[in-house]
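Content type mmCIF, C-alpha atoms, from the file structure.cif:
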```
data_work
loop_
_atom_site.label_atom_id
_atom_site.label_comp_id
_atom_site.auth_asym_id
_atom_site.auth_seq_id
_atom_site.Cartn_x
_atom_site.Cartn_y
_atom_site.Cartn_z
CA MET H 1 22.70 -62.33 -237.54
CA LYS H 2 25.71 -60.00 -237.51
CA ASN H 3 25.34 -56.25 -237.23
CA ARG H 4 27.27 -52.98 -237.12
CA LEU H 5 25.61 -51.64 -233.98
CA LYS H 6 28.79 -51.52 -231.89
CA VAL H 7 30.62 -49.46 -234.55
CA LEU H 8 27.65 -47.16 -235.13
CA ARG H 9 27.24 -46.65 -231.40
CA ALA H 10 30.97 -45.95 -230.95
CA GLU H 11 30.91 -43.40 -233.80
CA ARG H 12 28.28 -41.45 -231.86
CA ASP H 13 30.02 -42.02 -228.52
CA TRP H 14 26.91 -43.67 -227.10
CA THR H 15 26.87 -46.22 -224.30
CA GLN H 16 24.69 -49.33 -224.47
CA ALA H 17 22.41 -47.65 -221.96
CA ASP H 18 22.02 -44.66 -224.34
CA LEU H 19 21.13 -47.03 -227.17
CA ALA H 20 18.68 -48.94 -224.96
CA ASN H 21 17.04 -45.67 -223.91
CA ALA H 22 16.72 -44.50 -227.50
CA LEU H 23 15.09 -47.78 -228.50
CA ALA H 24 12.93 -48.05 -225.35
CA VAL H 25 14.29 -51.51 -224.55
CA SER H 26 16.28 -52.88 -221.61
CA ARG H 27 20.09 -52.66 -221.63
CA GLN H 28 20.14 -56.48 -221.66
CA THR H 29 18.18 -56.43 -224.94
CA ALA H 30 20.41 -53.77 -226.52
CA ASN H 31 23.49 -55.78 -225.50
CA ALA H 32 22.06 -59.08 -226.83
CA ILE H 33 21.18 -57.50 -230.19
CA GLU H 34 24.60 -55.85 -230.47
CA LYS H 35 26.37 -59.15 -229.75
CA GLY H 36 24.20 -60.97 -232.30
CA LYS H 37 22.72 -63.23 -229.62
CA PHE H 38 19.20 -62.00 -230.26
CA ASP H 39 17.66 -61.00 -233.58
CA PRO H 40 15.28 -58.05 -233.20
CA SER H 41 11.76 -58.09 -234.61
CA LEU H 42 11.18 -56.25 -237.89
CA PRO H 43 9.60 -53.19 -236.17
CA LEU H 44 12.58 -52.92 -233.79
CA ALA H 45 15.05 -53.38 -236.67
CA PHE H 46 13.35 -50.50 -238.51
CA LYS H 47 13.43 -48.42 -235.34
CA ILE H 48 17.19 -49.03 -235.07
CA ALA H 49 17.63 -48.11 -238.76
CA ARG H 50 15.67 -44.87 -238.27
CA LEU H 51 17.75 -44.01 -235.21
CA PHE H 52 20.97 -44.21 -237.22
CA ASN H 53 19.46 -42.80 -240.46
CA LEU H 54 20.44 -45.96 -242.31
CA THR H 55 18.58 -48.84 -243.94
CA VAL H 56 18.10 -52.14 -242.15
CA GLU H 57 20.45 -53.83 -244.65
CA GLU H 58 23.19 -51.31 -243.85
CA ILE H 59 23.08 -52.31 -240.19
CA PHE H 60 22.20 -56.02 -240.18
CA ILE H 61 24.08 -58.61 -242.21
CA ASP H 62 22.36 -61.85 -243.14
CA ASP H 63 24.61 -64.75 -242.04
CA GLU H 64 23.69 -66.75 -245.13
CA GLN H 65 25.05 -64.03 -247.42
CA THR H 66 28.46 -63.90 -245.72
CA MET R 67 14.85 -40.53 -223.80
CA ASN R 68 16.02 -41.37 -220.27
CA LYS R 69 12.68 -40.27 -218.89
CA HIS R 70 10.91 -42.55 -221.36
CA ASN R 71 12.99 -45.57 -220.28
CA GLU R 72 12.63 -44.70 -216.60
CA SER R 73 8.89 -44.61 -217.18
CA ILE R 74 9.02 -48.11 -218.76
CA CYS R 75 11.11 -49.43 -215.82
CA SER R 76 8.75 -47.83 -213.33
CA GLN R 77 5.73 -49.36 -215.13
CA GLN R 78 7.44 -52.79 -215.14
CA LYS R 79 8.18 -52.55 -211.40
CA SER R 80 4.59 -51.53 -210.74
CA ASN R 81 3.31 -54.48 -212.82
CA ILE R 82 5.62 -56.95 -211.02
CA THR R 83 4.49 -55.63 -207.62
CA SER R 84 0.86 -55.88 -208.69
CA LEU R 85 1.40 -59.43 -209.99
CA ALA R 86 3.12 -60.46 -206.73
CA LEU R 87 0.25 -59.04 -204.65
CA TRP R 88 -2.48 -60.73 -206.73
CA THR R 89 -0.53 -64.01 -206.64
CA LEU R 90 -0.26 -63.72 -202.86
CA ALA R 91 -4.01 -63.04 -202.63
CA TRP R 92 -4.70 -66.09 -204.81
CA VAL R 93 -2.42 -68.31 -202.67
CA ILE R 94 -4.14 -67.08 -199.49
CA SER R 95 -7.56 -67.76 -201.08
CA THR R 96 -6.38 -71.31 -201.90
CA ALA R 97 -5.49 -71.92 -198.26
CA PHE R 98 -8.70 -70.21 -197.11
CA LEU R 99 -10.81 -72.42 -199.39
CA ARG R 100 -9.09 -75.59 -198.22
CA PHE R 101 -8.74 -74.92 -194.49
CA GLY R 102 -11.73 -72.60 -194.10
CA ALA R 103 -14.10 -75.39 -195.06
CA GLU R 104 -12.50 -77.71 -192.53
CA TYR R 105 -11.89 -75.38 -189.59
CA ILE R 106 -14.19 -72.33 -190.00
CA TRP R 107 -17.51 -73.13 -191.73
CA ASP R 108 -17.58 -76.92 -191.32
CA TYR R 109 -18.12 -77.68 -195.03
CA GLN R 110 -21.35 -75.67 -195.33
CA PRO R 111 -21.92 -75.54 -199.12
CA ALA R 112 -22.97 -71.85 -199.28
CA TYR R 113 -19.73 -70.67 -197.67
CA SER R 114 -17.67 -73.11 -199.74
CA ILE R 115 -19.24 -71.79 -202.97
CA ILE R 116 -18.52 -68.18 -201.97
CA ALA R 117 -14.92 -69.09 -201.12
CA LEU R 118 -14.59 -70.99 -204.41
CA ILE R 119 -15.96 -68.10 -206.49
CA THR R 120 -13.61 -65.67 -204.69
CA HIS R 121 -10.70 -68.03 -205.32
CA LEU R 122 -11.53 -68.31 -209.04
CA ALA R 123 -12.05 -64.54 -209.38
CA LEU R 124 -8.66 -63.87 -207.77
CA GLY R 125 -7.05 -66.46 -210.07
CA LEU R 126 -8.62 -64.83 -213.14
CA THR R 127 -7.41 -61.40 -212.01
CA MET R 128 -3.91 -62.82 -211.46
CA ILE R 129 -3.91 -64.15 -215.05
CA MET R 130 -5.02 -60.77 -216.44
CA VAL R 131 -2.37 -58.91 -214.44
CA ASN R 132 0.22 -61.39 -215.77
CA VAL R 133 -0.92 -60.73 -219.36
CA LYS R 134 -0.54 -56.98 -218.73
CA HIS R 135 2.92 -57.60 -217.27
CA LEU R 136 3.94 -59.62 -220.36
CA ALA R 137 2.65 -56.92 -222.70
CA ASN R 138 4.84 -54.36 -220.95
CA LEU R 139 8.06 -56.33 -221.35
CA ASP R 140 10.41 -55.64 -224.25
CA GLU R 141 10.73 -58.34 -226.89
CA LEU R 142 13.77 -60.16 -225.42
CA GLN R 143 12.33 -60.14 -221.90
CA ARG R 144 9.06 -61.47 -223.35
CA LYS R 145 10.90 -64.22 -225.25
CA ILE R 146 12.78 -65.33 -222.10
CA THR R 147 9.53 -65.36 -220.10
CA LEU R 148 7.48 -67.18 -222.76
CA ASP R 149 10.27 -69.75 -223.29
CA ALA R 150 10.31 -70.39 -219.53
CA MET R 151 6.51 -70.72 -219.49
CA GLY R 152 6.63 -73.19 -222.40
CA ILE R 153 9.29 -75.34 -220.73
CA THR R 154 7.36 -75.22 -217.44
CA LEU R 155 4.13 -76.30 -219.16
CA GLY R 156 5.94 -79.18 -220.89
CA VAL R 157 7.68 -80.36 -217.73
CA GLY R 158 4.45 -80.01 -215.76
CA LEU R 159 2.49 -82.07 -218.27
CA ILE R 160 5.07 -84.82 -218.77
CA ALA R 161 6.11 -85.10 -215.12
CA GLY R 162 2.53 -84.71 -213.90
CA ILE R 163 1.20 -87.58 -215.99
CA ALA R 164 4.20 -89.81 -215.17
CA TYR R 165 3.89 -88.97 -211.46
CA GLU R 166 0.17 -89.74 -211.50
CA GLN R 167 0.92 -93.15 -213.08
CA LEU R 168 3.45 -94.09 -210.39
CA GLU R 169 0.76 -95.11 -207.91
CA ASP R 170 -1.28 -96.93 -210.58
CA ILE R 171 1.68 -99.12 -211.55
CA LYS R 172 2.58 -99.69 -207.89
CA LEU R 173 5.95 -97.96 -207.95
CA ILE R 174 4.97 -95.73 -205.04
CA SER R 175 2.66 -96.52 -202.16
CA PHE R 176 1.38 -92.98 -201.46
CA GLU R 177 -1.11 -90.91 -203.42
CA PRO R 178 0.55 -88.31 -205.69
CA GLU R 179 0.07 -84.75 -204.40
CA ILE R 180 -0.69 -81.83 -206.74
CA SER R 181 1.50 -79.65 -204.48
CA HIS R 182 4.57 -81.67 -205.52
CA LEU R 183 3.80 -80.90 -209.17
CA ILE R 184 3.33 -77.19 -208.41
CA MET R 185 6.69 -77.11 -206.62
CA LEU R 186 8.36 -78.81 -209.60
CA MET R 187 6.75 -76.31 -211.99
CA ALA R 188 7.82 -73.35 -209.85
CA PHE R 189 11.39 -74.66 -209.69
CA THR R 190 11.42 -75.31 -213.46
CA TYR R 191 10.11 -71.80 -214.20
CA ILE R 192 12.68 -70.09 -211.96
CA LEU R 193 15.53 -72.19 -213.40
CA SER R 194 14.38 -71.52 -216.98
CA ILE R 195 14.24 -67.76 -216.33
CA LEU R 196 17.75 -67.82 -214.84
CA ILE R 197 19.14 -69.85 -217.77
CA GLY R 198 17.34 -67.62 -220.29
CA ASN R 199 18.75 -64.46 -218.74
CA ARG R 200 22.24 -65.95 -218.64
CA LYS R 201 22.00 -67.03 -222.28
CA TYR R 202 21.31 -63.47 -223.46
CA GLN R 203 23.79 -61.67 -221.19
#
```
Structure translated into structure tokens:
Amino acid sequence: MKNRLKVLRAERDWTQADLANALAVSRQTANAIEKGKFDPSLPLAFKIARLFNLTVEEIFIDDEQT
Amino acid sequence: MNKHNESICSQQKSNITSLALWTLAWVISTAFLRFGAEYIWDYQPAYSIIALITHLALGLTMIMVNVKHLANLDELQRKITLDAMGITLGVGLIAGIAYEQLEDIKLISFEPEISHLIMLMAFTYILSILIGNRKYQ
């Protein structure tokens, strides 16, 4: 699943470590989600959406729709 | 936020240390049960039962500490660990049964040792964890 995390993070001038801290996950997990290697659970996806004040659909892009 | 994450890391380190210590205690109790009966209490049933109960209690505690450790991991770490456990269980079951059959079908002349299976499972688990971590880097 693709996502806009890298862009959103860059807009706020956050490092991956900042993102990981904000989400209470390891940096490895934040990196894997950002690179699309790991799809987060629904609660974590909502947590990410809340962090950026966006909806889940505005951050994550379903591969089957692209 | 940093403090929160540091607290999670600190909790994870504490859980890993606790798991390592309980595992060590369980391993020592395994050796104590096996060699104690032979060299210390000369197979007296009462002592063997006490050693066996201690061994099982330590094993149960080790499992509970491992469950606590798993619950404290984040979701990717948990996935990597559970995947490794699943692969290890599969390899252990398949290889264990095949290994046990080797003597029955006269392909080996010695009796299969459970320790060989445990070593294979340990190696499989470590390798699976390493591959899992590399996959999600």
What residues come out when you apply the PyMOL selection byres ((chain H) within 12 of (chain R)) to this file, written as an MDAnalysis selection string? chainID H and resid 17:45
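The two atoms in question, atom CA of R:Gln110 and atom CA of R:Ala123, are spaced 20.2 Å apart.
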Selection: 7 Å around stretch 151-167 of chain R, all atoms listed in the file, excl. self and same-chain fewer than 4 positions, as a compact mmCIF listing (two decimals) with C-alpha atoms, keeping the file's coordinate frame:
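To be explicit, this is the file written out as around-v2.txt:
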```txt
# COMPACT_ATOMS: atom_id res chain seq x y z
CA THR R 147 9.53 -65.36 -220.10
CA ILE R 171 1.68 -99.12 -211.55
CA PRO R 178 0.55 -88.31 -205.69
CA LEU R 183 3.80 -80.90 -209.17
CA MET R 187 6.75 -76.31 -211.99
CA THR R 190 11.42 -75.31 -213.46
CA TYR R 191 10.11 -71.80 -214.20
```
Could you write out as JSON, numbers by chain the residues that the PyMOL selection byres ((chain H and resi 52) around 12) matches in the shown file? {"H": [4, 5, 6, 7, 8, 9, 10, 11, 12, 14, 19, 22, 23, 45, 46, 47, 48, 49, 50, 51, 53, 54, 55, 56, 58, 59]}
Distance of atom CA of R:Ile129 from atom CA of R:Ala150, expressed in Å to one decimal place: 16.2 Å
Which residue is closest to R:Lys79? Choose from R:His135, R:Arg200, R:His182, R:Arg144 and count all atoms listed in the file. R:His135
As a check of understanding: the span from atom CA of R:Ile82 to atom CA of R:Ala188 is 16.6 Å
Could you expand the PyMOL selection byres ((chain R and resi 87-96) around 9) into the explicit residues it covers here, written as a VMD selection string? chain R and resid 82 to 86 97 to 101 117 to 118 120 to 125 127 to 128 131
Go ahead and save the picked residues with C-alpha atoms, as a compact mmCIF listing (two decimals), keeping the file's coordinate frame.
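Output file part11.txt is given in full below:
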```
# COMPACT_ATOMS: atom_id res chain seq x y z
CA ILE R 82 5.62 -56.95 -211.02
CA THR R 83 4.49 -55.63 -207.62
CA SER R 84 0.86 -55.88 -208.69
CA LEU R 85 1.40 -59.43 -209.99
CA ALA R 86 3.12 -60.46 -206.73
CA ALA R 97 -5.49 -71.92 -198.26
CA PHE R 98 -8.70 -70.21 -197.11
CA LEU R 99 -10.81 -72.42 -199.39
CA ARG R 100 -9.09 -75.59 -198.22
CA PHE R 101 -8.74 -74.92 -194.49
CA ALA R 117 -14.92 -69.09 -201.12
CA LEU R 118 -14.59 -70.99 -204.41
CA THR R 120 -13.61 -65.67 -204.69
CA HIS R 121 -10.70 -68.03 -205.32
CA LEU R 122 -11.53 -68.31 -209.04
CA ALA R 123 -12.05 -64.54 -209.38
CA LEU R 124 -8.66 -63.87 -207.77
CA GLY R 125 -7.05 -66.46 -210.07
CA THR R 127 -7.41 -61.40 -212.01
CA MET R 128 -3.91 -62.82 -211.46
CA VAL R 131 -2.37 -58.91 -214.44
```
